[in-house]
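Accompanying notes for the structure given below.
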Amino acid sequence: MGRTVIIIGVVIIFILIIIGSAVIGNGFSTVEYYEFGFKRQKSTGKVDKTNIYSSILYFGGPDMEFKTFPADAHHVTLKNAKIFTADKLEVRITAYLQYFIRKDELVLLHDKFDLGYKSVMETSALDALKGSTTLYTTRELVTNRKLMEQTIYKAVRERLGGTCCRPDCTSYAYACPENCKPYVHCTAKEKGLFVDVKYFQLGQVTIPHSVQERFMKALTLQEQSDREVLLQEAKVIRKNTTAMVKKIKNKAAEFLKNGTAVANLISAVARSNYTTALETARVKGLKYIFNELGLSQQEQKNSVNYLRTLRGHQKARFTVDFQQRIAGNL
């Protein structure tokens, strides 16, 4: 009898240990390192938003659990989104973005969207993408991908993340963009949808065949127009160049004529001066000769001049007899 009581007691203790272990085990709740969480009462569903938990093992009893949100990146693919460009053509764009929930604004996100925020983010990003491309032509969309990616990223970032500066401007590249509003002065509406779009990639741009034909036709017409503009500019440049060449040639001819006239003048003056100097020297020389020889009669002077003149002729031959006297070097 005593042994039976002992066995029953051991069984009861064992059962109580099992039940206690189950109760204690069910009392632990976990928030992983890649999650944010609020405490929530299982029986009533009431959420305690006093604290935001992350990476914690917490004992709150069997009636407590955590309501969690992902703390890592949310990946969104906007596949073949239909947009219209400034030239009224339909184009399809694929884009990728990665956003993160803001821990400091998790209460606002929870109150506004609860766990249904993902579809809201995707729809809002798609609307921002469509609205940001309407000012650009199809040609710009295809040829200037960098500009288009920056433009779409800015629109999506501001739609989902608002226009406020983040408390920590070093948290990511666009945490505090130019002209952002200081965080302390921001309203809930200006904070956007309470997430940070940290990364964005512009994917494939697809132009339908019919649209592509119109696009190629527009490109061809534009190229033809550019060609005509260049041809007209070339004609103007050639005309101006020809006029400049003629002007330079005329200027050169003018300089040449002026130079020739000046040269002729200088040459004529030089010849005149030469003749004057020569004749002056000749007169002085003859005067000296006449004085030295004592020739005072005009006939004698004329005879000397006559002999000098004859001496200048190559065919003239001089002879001397006892009746003549020649002075000078014959």
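By convention here, the chains of the structure tokens are called A, B, ... in the order presented, each chain's residues are numbered starting at 1, and ligands are numbered starting at 1 in the order presented.
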*When DSSP works through the backbone of this structure, what residues of range 59-192 of chain A end up as helix (DSSP H, G or I), shown as a ChimeraX atom specification?*
/A:103-113,117-132,138-143,145-161,183-185,189-191
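Neighbours of Lys154 in chain A closer than or equal to 9 Å, with only C-alpha atoms counted and sequence neighbours fewer than 5 positions away skipped, come out as Ser132, Glu149 and Arg159 of chain A.
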With all heavy atoms retained, could you export that selection as a compact mmCIF listing (two decimals), in the first residue's frame?
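As a result, part_33.txt now contains:
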# COMPACT_ATOMS: atom_id res chain seq x y z
N SER A 132 6.94 60.56 -62.37
CA SER A 132 8.24 61.20 -62.56
C SER A 132 8.73 61.17 -63.99
O SER A 132 9.71 61.86 -64.34
CB SER A 132 9.29 60.53 -61.66
OG SER A 132 9.46 59.17 -62.03
N GLU A 149 17.24 57.36 -63.99
CA GLU A 149 17.33 56.60 -62.74
C GLU A 149 17.36 57.54 -61.53
O GLU A 149 16.67 57.30 -60.54
CB GLU A 149 18.59 55.74 -62.76
CG GLU A 149 18.70 54.80 -61.57
CD GLU A 149 19.88 53.86 -61.69
OE1 GLU A 149 21.03 54.37 -61.70
OE2 GLU A 149 19.66 52.64 -61.79
N ARG A 159 8.30 59.94 -52.08
CA ARG A 159 6.94 59.46 -51.87
C ARG A 159 6.87 58.51 -50.67
O ARG A 159 5.96 58.59 -49.84
CB ARG A 159 6.46 58.72 -53.13
CG ARG A 159 5.05 58.14 -53.01
CD ARG A 159 3.99 59.21 -52.92
NE ARG A 159 3.91 59.97 -54.15
CZ ARG A 159 3.16 59.61 -55.21
NH1 ARG A 159 2.41 58.53 -55.13
NH2 ARG A 159 3.16 60.34 -56.29
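The coordinates place CA of Lys49 in chain A at 11.7 Å from CA of Asp104 in chain A.
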*asked:* Give me, as a ChimeraX atom specification, the residues of range 120-204 of chain A that a backbone DSSP run labels strand (DSSP E).
replied: /A:195-204
With all heavy atoms kept, could you save the residues just selected as an mmCIF file, in the first residue's frame?
data_model
loop_
_atom_site.group_PDB
_atom_site.id
_atom_site.type_symbol
_atom_site.label_atom_id
_atom_site.label_comp_id
_atom_site.auth_asym_id
_atom_site.auth_seq_id
_atom_site.Cartn_x
_atom_site.Cartn_y
_atom_site.Cartn_z
ATOM 1 N N VAL A 195 9.376 54.900 -44.165
ATOM 2 C CA VAL A 195 10.435 53.967 -44.557
ATOM 3 C C VAL A 195 11.535 54.740 -45.280
ATOM 4 O O VAL A 195 11.313 55.851 -45.782
ATOM 5 C CB VAL A 195 9.911 52.836 -45.469
ATOM 6 C CG1 VAL A 195 8.865 52.009 -44.755
ATOM 7 C CG2 VAL A 195 9.367 53.399 -46.780
ATOM 8 N N ASP A 196 12.740 54.153 -45.346
ATOM 9 C CA ASP A 196 13.867 54.722 -46.078
ATOM 10 C C ASP A 196 14.136 53.884 -47.319
ATOM 11 O O ASP A 196 14.429 52.681 -47.208
ATOM 12 C CB ASP A 196 15.133 54.735 -45.218
ATOM 13 C CG ASP A 196 15.044 55.735 -44.076
ATOM 14 O OD1 ASP A 196 14.439 56.802 -44.274
ATOM 15 O OD2 ASP A 196 15.586 55.445 -42.992
ATOM 16 N N VAL A 197 14.016 54.504 -48.496
ATOM 17 C CA VAL A 197 14.367 53.815 -49.733
ATOM 18 C C VAL A 197 15.867 54.054 -49.959
ATOM 19 O O VAL A 197 16.280 55.073 -50.504
ATOM 20 C CB VAL A 197 13.541 54.341 -50.926
ATOM 21 C CG1 VAL A 197 13.870 53.545 -52.186
ATOM 22 C CG2 VAL A 197 12.054 54.260 -50.619
ATOM 23 N N LYS A 198 16.659 53.099 -49.558
ATOM 24 C CA LYS A 198 18.109 53.304 -49.582
ATOM 25 C C LYS A 198 18.740 52.961 -50.932
ATOM 26 O O LYS A 198 19.814 53.469 -51.261
ATOM 27 C CB LYS A 198 18.773 52.473 -48.482
ATOM 28 C CG LYS A 198 18.397 52.936 -47.075
ATOM 29 C CD LYS A 198 19.195 52.177 -46.026
ATOM 30 C CE LYS A 198 18.870 52.687 -44.626
ATOM 31 N NZ LYS A 198 19.665 51.991 -43.579
ATOM 32 N N TYR A 199 18.083 52.108 -51.704
ATOM 33 C CA TYR A 199 18.684 51.674 -52.972
ATOM 34 C C TYR A 199 17.611 51.610 -54.056
ATOM 35 O O TYR A 199 16.446 51.310 -53.789
ATOM 36 C CB TYR A 199 19.350 50.301 -52.823
ATOM 37 C CG TYR A 199 20.305 50.227 -51.658
ATOM 38 C CD1 TYR A 199 19.925 49.582 -50.473
ATOM 39 C CD2 TYR A 199 21.556 50.810 -51.718
ATOM 40 C CE1 TYR A 199 20.786 49.512 -49.388
ATOM 41 C CE2 TYR A 199 22.429 50.755 -50.645
ATOM 42 C CZ TYR A 199 22.031 50.103 -49.482
ATOM 43 O OH TYR A 199 22.886 50.051 -48.410
ATOM 44 N N PHE A 200 18.052 51.917 -55.288
ATOM 45 C CA PHE A 200 17.132 51.885 -56.428
ATOM 46 C C PHE A 200 17.929 51.546 -57.682
ATOM 47 O O PHE A 200 19.039 52.038 -57.873
ATOM 48 C CB PHE A 200 16.443 53.242 -56.607
ATOM 49 C CG PHE A 200 15.479 53.287 -57.760
ATOM 50 C CD1 PHE A 200 14.164 52.876 -57.610
ATOM 51 C CD2 PHE A 200 15.893 53.715 -59.008
ATOM 52 C CE1 PHE A 200 13.278 52.903 -58.669
ATOM 53 C CE2 PHE A 200 15.014 53.749 -60.076
ATOM 54 C CZ PHE A 200 13.705 53.339 -59.904
ATOM 55 N N GLN A 201 17.353 50.682 -58.523
ATOM 56 C CA GLN A 201 18.002 50.319 -59.781
ATOM 57 C C GLN A 201 16.979 50.362 -60.918
ATOM 58 O O GLN A 201 15.895 49.790 -60.796
ATOM 59 C CB GLN A 201 18.615 48.909 -59.725
ATOM 60 C CG GLN A 201 19.619 48.687 -58.609
ATOM 61 C CD GLN A 201 18.962 48.303 -57.295
ATOM 62 O OE1 GLN A 201 17.971 47.575 -57.276
ATOM 63 N NE2 GLN A 201 19.501 48.800 -56.184
ATOM 64 N N LEU A 202 17.332 51.064 -61.974
ATOM 65 C CA LEU A 202 16.485 51.102 -63.168
ATOM 66 C C LEU A 202 16.826 49.901 -64.034
ATOM 67 O O LEU A 202 17.983 49.699 -64.410
ATOM 68 C CB LEU A 202 16.718 52.396 -63.945
ATOM 69 C CG LEU A 202 15.924 52.562 -65.245
ATOM 70 C CD1 LEU A 202 14.422 52.573 -64.949
ATOM 71 C CD2 LEU A 202 16.331 53.849 -65.961
ATOM 72 N N GLY A 203 15.820 49.087 -64.323
ATOM 73 C CA GLY A 203 16.030 47.876 -65.106
ATOM 74 C C GLY A 203 15.761 48.084 -66.582
ATOM 75 O O GLY A 203 16.099 49.117 -67.171
ATOM 76 N N GLN A 204 15.101 47.113 -67.170
ATOM 77 C CA GLN A 204 14.863 47.111 -68.611
ATOM 78 C C GLN A 204 13.809 48.140 -69.005
ATOM 79 O O GLN A 204 12.804 48.314 -68.325
ATOM 80 C CB GLN A 204 14.429 45.714 -69.058
ATOM 81 C CG GLN A 204 14.248 45.574 -70.574
ATOM 82 C CD GLN A 204 13.883 44.151 -70.954
ATOM 83 O OE1 GLN A 204 13.619 43.322 -70.089
ATOM 84 N NE2 GLN A 204 13.854 43.872 -72.239
#
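Distance-wise, CA of Ile52 in chain A and CA of Thr187 in chain A end up 21.2 Å apart.
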Who sits within 8 Å of Gly192 in chain A, only C-alpha atoms, same chain under 6 positions skipped, as a compact mmCIF listing (two decimals) with all heavy atoms, in the first residue's frame:
# COMPACT_ATOMS: atom_id res chain seq x y z
N GLU A 158 11.07 60.22 -52.09
CA GLU A 158 10.28 61.23 -51.41
C GLU A 158 8.84 60.78 -51.18
O GLU A 158 8.22 61.17 -50.19
CB GLU A 158 10.29 62.52 -52.24
CG GLU A 158 11.66 63.21 -52.26
CD GLU A 158 11.65 64.51 -53.03
OE1 GLU A 158 10.60 64.82 -53.65
OE2 GLU A 158 12.67 65.22 -53.01
N ARG A 159 8.30 59.94 -52.08
CA ARG A 159 6.94 59.46 -51.87
C ARG A 159 6.87 58.51 -50.67
O ARG A 159 5.96 58.59 -49.84
CB ARG A 159 6.46 58.72 -53.13
CG ARG A 159 5.05 58.14 -53.01
CD ARG A 159 3.99 59.21 -52.92
NE ARG A 159 3.91 59.97 -54.15
CZ ARG A 159 3.16 59.61 -55.21
NH1 ARG A 159 2.41 58.53 -55.13
NH2 ARG A 159 3.16 60.34 -56.29
N LEU A 160 7.85 57.62 -50.54
CA LEU A 160 7.82 56.65 -49.45
C LEU A 160 8.47 57.19 -48.18
O LEU A 160 8.06 56.83 -47.08
CB LEU A 160 8.54 55.36 -49.87
CG LEU A 160 7.67 54.30 -50.57
CD1 LEU A 160 7.10 54.84 -51.87
CD2 LEU A 160 8.48 53.03 -50.82
N GLY A 161 9.49 58.04 -48.34
CA GLY A 161 10.23 58.50 -47.17
C GLY A 161 9.97 59.93 -46.77
O GLY A 161 10.50 60.39 -45.75
N GLY A 162 9.18 60.67 -47.54
CA GLY A 162 8.89 62.05 -47.19
C GLY A 162 10.02 63.00 -47.56
O GLY A 162 10.98 62.64 -48.23
N THR A 163 9.90 64.22 -47.07
CA THR A 163 10.86 65.28 -47.41
C THR A 163 11.61 65.78 -46.18
O THR A 163 12.16 66.87 -46.20
CB THR A 163 10.14 66.45 -48.09
OG1 THR A 163 9.09 66.92 -47.23
CG2 THR A 163 9.55 66.03 -49.42
*asked:* Between CA of Ala218 in chain A and CA of Val205 in chain A, what is the distance in Å, rounded to a tenth?
replied: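 Between these atoms lies a distance of 18.1 Å.
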_I'd like the contact shell of range 120-127 of chain A - 12 Å cut-off, only C-alpha atoms, skipping same-chain residues fewer than 4 positions apart - returned as number ranges by chain._
A: 74-83, 92-101, 109, 112-116, 131-134, 152-162, 192-197, 200
Expected file contents, prior selection, C-alpha atoms, as a compact mmCIF listing (two decimals), in the first residue's frame:
# COMPACT_ATOMS: atom_id res chain seq x y z
CA HIS A 74 12.22 44.86 -48.26
CA HIS A 75 12.77 44.04 -51.94
CA VAL A 76 10.24 45.43 -54.41
CA THR A 77 10.19 44.74 -58.14
CA LEU A 78 8.10 46.99 -60.36
CA LYS A 79 7.94 44.77 -63.43
CA ASN A 80 6.89 46.15 -66.82
CA ALA A 81 5.28 49.23 -65.31
CA LYS A 82 3.31 51.07 -68.00
CA ILE A 83 4.24 54.76 -68.29
CA ARG A 92 7.23 49.81 -70.08
CA ILE A 93 9.86 50.02 -67.34
CA THR A 94 11.16 47.46 -64.87
CA ALA A 95 12.67 48.88 -61.69
CA TYR A 96 13.96 47.51 -58.40
CA LEU A 97 14.07 49.16 -55.00
CA GLN A 98 15.03 48.21 -51.47
CA TYR A 99 13.52 49.98 -48.48
CA PHE A 100 13.88 49.68 -44.70
CA ILE A 101 11.32 50.36 -41.97
CA LEU A 109 3.66 52.79 -39.47
CA LYS A 112 -1.55 53.72 -40.16
CA PHE A 113 -0.98 50.45 -42.05
CA ASP A 114 -0.53 47.68 -39.47
CA LEU A 115 0.94 44.65 -41.30
CA GLY A 116 -0.63 45.62 -44.62
CA GLY A 131 4.51 60.54 -62.30
CA SER A 132 8.24 61.20 -62.56
CA THR A 133 8.60 60.25 -66.23
CA THR A 134 5.91 62.39 -67.82
CA ILE A 152 12.72 58.16 -60.61
CA TYR A 153 14.73 57.32 -57.47
CA LYS A 154 14.18 60.83 -56.08
CA ALA A 155 10.43 60.63 -56.74
CA VAL A 156 10.11 57.18 -55.14
CA ARG A 157 12.32 58.13 -52.20
CA GLU A 158 10.28 61.23 -51.41
CA ARG A 159 6.94 59.46 -51.87
CA LEU A 160 7.82 56.65 -49.45
CA GLY A 161 10.23 58.50 -47.17
CA GLY A 162 8.89 62.05 -47.19
CA GLY A 192 6.01 60.02 -45.95
CA LEU A 193 5.22 56.35 -45.36
CA PHE A 194 7.84 55.94 -42.61
CA VAL A 195 10.44 53.97 -44.56
CA ASP A 196 13.87 54.72 -46.08
CA VAL A 197 14.37 53.81 -49.73
CA PHE A 200 17.13 51.88 -56.43
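Taking only C-alpha atoms into account, Arg102 in chain A lies nearest to A:Ser171 out of the set A:Asn273, A:Ser171, A:Asn240, A:Gln224.
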*Contacts of range 63-67 of chain A at 7 Å or less, counting only C-alpha atoms, minus same-chain residues fewer than 4 places along, as a PyMOL selection string?*
chain A and resi 29+31+37-43
